[in-house]
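Student: Before we start, here is the structure in question, set down as structure tokens.
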Amino acid sequence: MSLYHLRRKKRLLFAFFVFSILFIVLAAKLTYIQAYDSINLTDAQISQLMGEIPLTATRGDIYDRNMNILAQDASASSIYARPKDIEDPEEVGKLLSDVLGIDRQETIEKLLDEESTMVLIARKVDNDKAFKIKDENIAGIEISEDKKRYYTNGNFASYILGFTGSDHQGLYGIERIFEEELNGEDGVLVYEKDGKNQKVPSGYQITIPAVPGDHVVLTVDSIIQHFIESAMDKAIEELNPKRIIAIAMDPDNGEVLGMASKPDYDLNDPRTITEDISLRLAVDLEDKSLGEQQQIMWNNPAVSFNYEPGSTFKVVTAAAALEEGIVKPDTVFYDEGYIMVDGIRIRCHIYPDEHGEQTFLEAVSNSCNPVMVETIMKMNPAVFYKYLYNFGFGDRTGIQLDGEQYGIVPVNTNLKNVDYATKSFGQGVGVTPIQLVTALSAVVNDGNYINPTIVKEIRSSEDNSIIKSYNGDTIRRIVSEETSEALKEAMKNVIEGNKTLVELAEGFSIGGKTGTAQKIIDGRYAQGKYVTSFFGFAPADDPQIAILLLVDEPESSRSTGSTTAAPIAIDIIKNTLKYLNVPSDKKADFGNVDIIPDMRNQDVKTAKEILDRLEINYEIKGEAAEETAIVTDQSPMPGILITKDTLVTLKAATEKVEGEEMTSVPNVKDMSMKKAMEILVKSGLSIDISGGGGFSVSQEPEAGTVVEKGTTVTVEFEHEQ
């Protein structure tokens with residue numbers, strides 16, 4: 001073979017080798033693309049050709065036990081932008097920030113972020129604002145349907161319901177605990193876009209619909225909740241305490257009929273620290289960050305507040321002693337006004353007076369400390385602690401609310417006699433309100449302990465069928481029916497032995513027990529700081545309602561449970577019994593009634609939706625055709641009990657009347673100072689307060705008057721006589 005042919009053959013072999021290597025590399029690359037990277041490339045291709053706009057699922061509604069709506073979704077909008085399509089980010093950012101009330105520089109920075117295909121500008125935008133932006137027809141701005149959570153009466157049952165966050169997720173209360181049931185599944189709108197990332201008008205698009213969440217039905221009765229909150233609103237003005245806490249329960253099944261704490265907060269504006277919270281919880285909020293202050297405001301005291309119960313705890317001691325046979329109902333004691341334990345004098349609350357000779361049940365009715373001490377000292381501490389644990393102290397009840405605490409039951413080791421003795425009247429034991437009302441309800445429910453529940457059932461959003469029911473089950477019998485009957489009689493005598501409380505009861509048979517306990521602050525009993533309380537139940541022979549009401553730090557250090565907590569609780573009980581048509585010497589019928597929600601300062605569209613859902617008849621006067629108009633007044637006023645055929649009249653006006661600087665004066669009658677001030681400031685008006693506090697009784701100018709923004713509205717406040 002010639003040298004030429006040899007060189008040619010080498011070149012061919014070399015070329016074949018090079019092409020073989022290239023072919024193998026290309027084949028490997030194609031195999032990798034097809035087998036391993038196809039999903040990413042497909043996604044990239046789809047991203048170039050298709051755009052997506054998320055569709056927020058409708059959260060399930062929250063109802064009371066009578067299917068009255070407490071929380072629901074209202075229609076809103078989300079504003080998105082495609083930065084590459086925004087011609088003038090500065091000008092568009094200015095427009096968006098002015099209309100939406102958001103930070104201008106932050107908005108402009110989002111519009112300049114051309115690395116992002118789509119950026120979120122704002123969620124839960126009121127539709128009237130979204131329509132203003134839509135009318136500008138700005139290239140690169142997309143508006144999609146969104147949901148905004150609406151709570152029928154902003155502060156109503158706030159510590160029960162909780163609220164949602166910016167992503168429509170539950171953050172507190174029932175909203176958080178039942179997030180999985182309520183939230184539903186979000187959908188998406190997929191649309192075809194061109195090379196400029198703009199939506200093709202006649203292009204392909206598909207909607208994957210959102211799946212709505214299921215509904216939660218509470219055991220709470222809105223009417224009873226209204227009685228509780230109304231009574232507490234009046235009492236907090238009169239007693240000026242740090243807070244008031246109340247829980248109403250059906251002792252037969254453990255269902256919570258109402259639960260509230262005042263001061264509270266607005267569920268429609270849950271991140272704003274209210275003026276009342278700032279004032280009454282000032283010591284707790286001091287030196288705390290905004291986030292820490294919000295956590296304090298959101299915590300539900302009904303399940304998280306640890307306190308020494310005082311004399312209401314004597315019912316537990318008495319139940320244990322009677323059940324163990326340590327004493328009998330008619331066992332006779334003699335009270336000298338005090339008792340000595342290891343050289344320490346433990347006084348009765350009437351010291352230096354004395355009760356003298358009395359039976360054990362009389363001692364319970366008289367709230368006699370020495371008799372309780374003498375009784376507990378006859379009982380083995382291990383036995384007493386067994387009853388404490390059986391009554392649920394030192395453990396969570398398991399109610400469907402977040403933040404529940406365990407309470408504090410010190411260990412039963414090396415216990416000094418005096419420390420053991422004082423536990424007989426509720427000193428040295430920490431409880432939560434939900435623990436105590438559950439335990440005392442067991443005493444009046446024939447001795448049967450039932451775990452409390454605040455949720456009745458879960459209902460399907462598709463056909464309203466019941467998916468799951470929550471029933472209060474009897475966990476254990478703690479004491480006998482005989483013990484229960486004896487203590488019900490003793491507590492009935494507490495009311496009958498107090499002329500003021502008898503008059504307040506208005507002929508109803510009510511039993512109860514008062515308590516006054518000195519507070520522990522920084523590990524010491526604080527001078528002049530008390531928690532007064534009252535546990536009541538009715539009718540006394542066959543309880544249908546039990547209530548525990550606490551007044552934390554009433555203004556006067558001389559306040560007691562009988563002068564502060566008991567009158568409030570008895571007012572709630574008697575109104576509830578009237579509502580339930582329980583007969584009394586002075587019968588009244590509260591049946592077939594509903595509560596008017598506060599529609600003032602809501603837009604007409606939202607007001608219509610709420611009243612339609614509540615099946616309340618209404619008429620709208622003024623600018624009714626404008627669904628973005630604002631309700632300035634209503635009749636009857638909010639919180640009034642009405643029958644189903646009552647006609648509610650709403651007066652509406654546009655937010656801006658006769659020019660940019662004019663507005664319609666809202667109705668702020670029958671409001672606290674805090675609430676009236678918030679409403680007027682929101683409308684661009686000032687307030688001049690007259691009177692000595694309480695609730696507003698008159699205003700000048702009258703509601704509906706068209707005035708210039710900045711006008712001073714004079715509001716007169718009075719305490720209810």
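Residues are named by chain letter and number: chains run A, B, ... in the order of the structure tokens, numbers start at 1 in each chain, and ligands are numbered from 1 in the order shown.
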Contacts of A:Tyr470 at 9 Å or less, counting only C-alpha atoms, minus same-chain residues fewer than 3 places along, as a VMD selection string?

Tutor: chain A and resid 453 to 458

Student: Export, as a PDB file, in the first residue's frame, the selected residues with C-alpha atoms.

Tutor:
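Just written: out_29.pdb:
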ATOM      1  CA  THR A 453     -66.985  21.031  72.966  1.00  0.00           C
ATOM      2  CA  ILE A 454     -67.509  24.232  71.006  1.00  0.00           C
ATOM      3  CA  VAL A 455     -68.032  22.588  67.599  1.00  0.00           C
ATOM      4  CA  LYS A 456     -71.269  20.765  66.850  1.00  0.00           C
ATOM      5  CA  GLU A 457     -70.601  19.393  63.347  1.00  0.00           C
ATOM      6  CA  ILE A 458     -68.886  19.737  59.986  1.00  0.00           C
TER       7      ILE A 458
END

Student: A:Asn183, A:Thr56, A:Gln634, A:Asn240: which is nearest A:Ser461, counting only C-alpha atoms?

Tutor: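 That would be A:Asn183, the residue with the smallest distance to A:Ser461.
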
Student: Kindly provide the residues of stretch 214-295 of chain A that approach stretch 71-92 of chain A to within 10 Å, each paired with its closest atom pair and their distance in Å to one decimal, based on only C-alpha atoms, listed by chain and increasing number, as a Markdown table.

Tutor:
| residue | atom | partner | partner_atom | distance |
| --- | --- | --- | --- | --- |
| A:His215 | CA | A:Gln72 | CA | 9.6 |
| A:Val216 | CA | A:Ala71 | CA | 9.8 |
| A:Leu267 | CA | A:Ala71 | CA | 9.7 |

Student: Could you take the residues named above and write them with N, CA and C atoms, as a compact mmCIF listing (two decimals), in the first residue's frame?

Tutor:
# COMPACT_ATOMS: atom_id res chain seq x y z
N HIS A 215 -68.23 23.56 55.80
CA HIS A 215 -68.73 24.49 56.80
C HIS A 215 -68.55 23.92 58.21
N VAL A 216 -68.31 24.81 59.16
CA VAL A 216 -68.19 24.44 60.57
C VAL A 216 -69.38 25.02 61.33
N LEU A 267 -62.30 41.41 64.39
CA LEU A 267 -61.85 40.35 63.48
C LEU A 267 -61.65 40.84 62.06

Student: If you run DSSP on the backbone here, which positions in stretch 422-535 of chain A get alpha helix (DSSP H)? Please write them as a PyMOL selection string.

Tutor: chain A and resi 422+433-444+481-496+499-505

Student: Export C-alpha atoms of the chosen residues as a CSV table (one decimal), in the first residue's frame?

Tutor:
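Everything below was put into part-v5.csv:
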chain,number,residue,atom,x,y,z
A,422,THR,CA,-55.5,26.5,101.9
A,433,PRO,CA,-61.8,29.3,83.3
A,434,ILE,CA,-62.7,26.4,80.9
A,435,GLN,CA,-61.3,23.9,83.5
A,436,LEU,CA,-63.4,25.3,86.3
A,437,VAL,CA,-66.7,25.7,84.5
A,438,THR,CA,-66.3,22.1,83.2
A,439,ALA,CA,-65.6,20.8,86.7
A,440,LEU,CA,-68.4,22.6,88.4
A,441,SER,CA,-70.8,21.7,85.6
A,442,ALA,CA,-70.0,18.1,86.4
A,443,VAL,CA,-71.0,18.7,90.0
A,444,VAL,CA,-74.5,19.9,89.0
A,481,GLU,CA,-76.3,11.9,92.4
A,482,GLU,CA,-76.8,12.4,96.2
A,483,THR,CA,-73.7,14.5,96.5
A,484,SER,CA,-74.7,16.5,93.4
A,485,GLU,CA,-78.2,17.2,94.8
A,486,ALA,CA,-76.8,18.3,98.1
A,487,LEU,CA,-74.4,20.8,96.6
A,488,LYS,CA,-77.0,22.1,94.2
A,489,GLU,CA,-79.1,22.8,97.2
A,490,ALA,CA,-76.2,24.6,99.0
A,491,MET,CA,-75.5,26.7,95.9
A,492,LYS,CA,-79.2,27.5,95.6
A,493,ASN,CA,-79.1,28.8,99.1
A,494,VAL,CA,-76.2,31.2,98.2
A,495,ILE,CA,-78.6,33.1,95.9
A,496,GLU,CA,-81.7,32.8,98.2
A,499,LYS,CA,-81.6,39.8,98.9
A,500,THR,CA,-79.9,41.7,96.0
A,501,LEU,CA,-79.3,38.5,94.0
A,502,VAL,CA,-82.8,37.3,94.6
A,503,GLU,CA,-84.2,40.5,93.2
A,504,LEU,CA,-81.9,40.2,90.2
A,505,ALA,CA,-83.0,36.7,89.5

Student: Neighbours of A:Thr107 within 9 Å (only C-alpha atoms; same-chain residues fewer than 3 positions away dropped), as JSON, numbers by chain?

Tutor: {"A": [89, 92, 93, 94, 96, 97, 102, 103, 104, 110, 111, 112, 121]}

Student: Please measure the separation of atom CA of A:Asn153 and atom CA of A:Gln294, giving the value in Å to one decimal.

Tutor: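 For atom CA of A:Asn153 relative to atom CA of A:Gln294, the distance reads 20.2 Å.
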
Student: Which residues are near stretch 357-364 of chain A? Cut-off 8 Å, only C-alpha atoms, ignore same chain within fewer than 5 positions. Put them as a ChimeraX atom specification.

Tutor: /A:314-315,318,327-335,371-372,486-487,490-491

Student: Restricting the calculation to only C-alpha atoms: of A:Ile510, A:Cys348, A:Val479, A:Ile24, which residue gets closest to A:Ala540?

Tutor: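 The answer is A:Ile510, which sits nearest to A:Ala540.
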
Student: Determine, counting only C-alpha atoms, which protein, DNA and RNA residues have an atom within 8 Å of an atom of stretch 279-292 of chain A; residues of the same chain fewer than 2 positions away are not included. Present the result as an NGL selection string.

Tutor: :A and (241-243 or 263 or 275-277 or 294-296)

Student: Can those selected residues be exported to a file as a PDB file, in the first residue's frame so that it contains C-alpha atoms?

Tutor:
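File written: part_32.pdb
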ATOM      1  CA  PRO A 241     -61.472  46.109  85.385  1.00  0.00           C
ATOM      2  CA  LYS A 242     -58.472  44.807  83.516  1.00  0.00           C
ATOM      3  CA  ARG A 243     -60.754  42.299  81.766  1.00  0.00           C
ATOM      4  CA  PRO A 263     -61.730  43.914  75.977  1.00  0.00           C
ATOM      5  CA  GLU A 275     -57.441  51.426  72.268  1.00  0.00           C
ATOM      6  CA  ASP A 276     -59.235  49.445  74.985  1.00  0.00           C
ATOM      7  CA  ILE A 277     -56.618  46.660  74.851  1.00  0.00           C
ATOM      8  CA  GLN A 294     -50.646  41.219  69.023  1.00  0.00           C
ATOM      9  CA  GLN A 295     -50.046  37.747  70.469  1.00  0.00           C
ATOM     10  CA  ILE A 296     -51.214  38.981  73.869  1.00  0.00           C
TER      11      ILE A 296
END

Student: Neighbours of A:Thr663 within 12 Å (only C-alpha atoms; same-chain residues fewer than 5 positions away dropped), as a VMD selection string?

Tutor: chain A and resid 629 to 630 632 652 to 658 680 to 685 703 to 711

Student: One number please: atom CA of A:Lys124 to atom CA of A:Ile616, in Å, one decimal.

Tutor: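 Interatomic distance, atom CA of A:Lys124 to atom CA of A:Ile616: 27.0 Å.
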
Student: Can you list, as a PyMOL selection string, every residue of stretch 63-273 of chain A that DSSP puts in strand (DSSP E)?

Tutor: chain A and resi 63+69-81+119-125+141-151+187-192+205-208+215-218+243-250+255-262

Student: Find the distance between atom CA of A:Asp186 and atom CA of A:Ile467 and write it in Å to one decimal.

Tutor: 21.0 Å
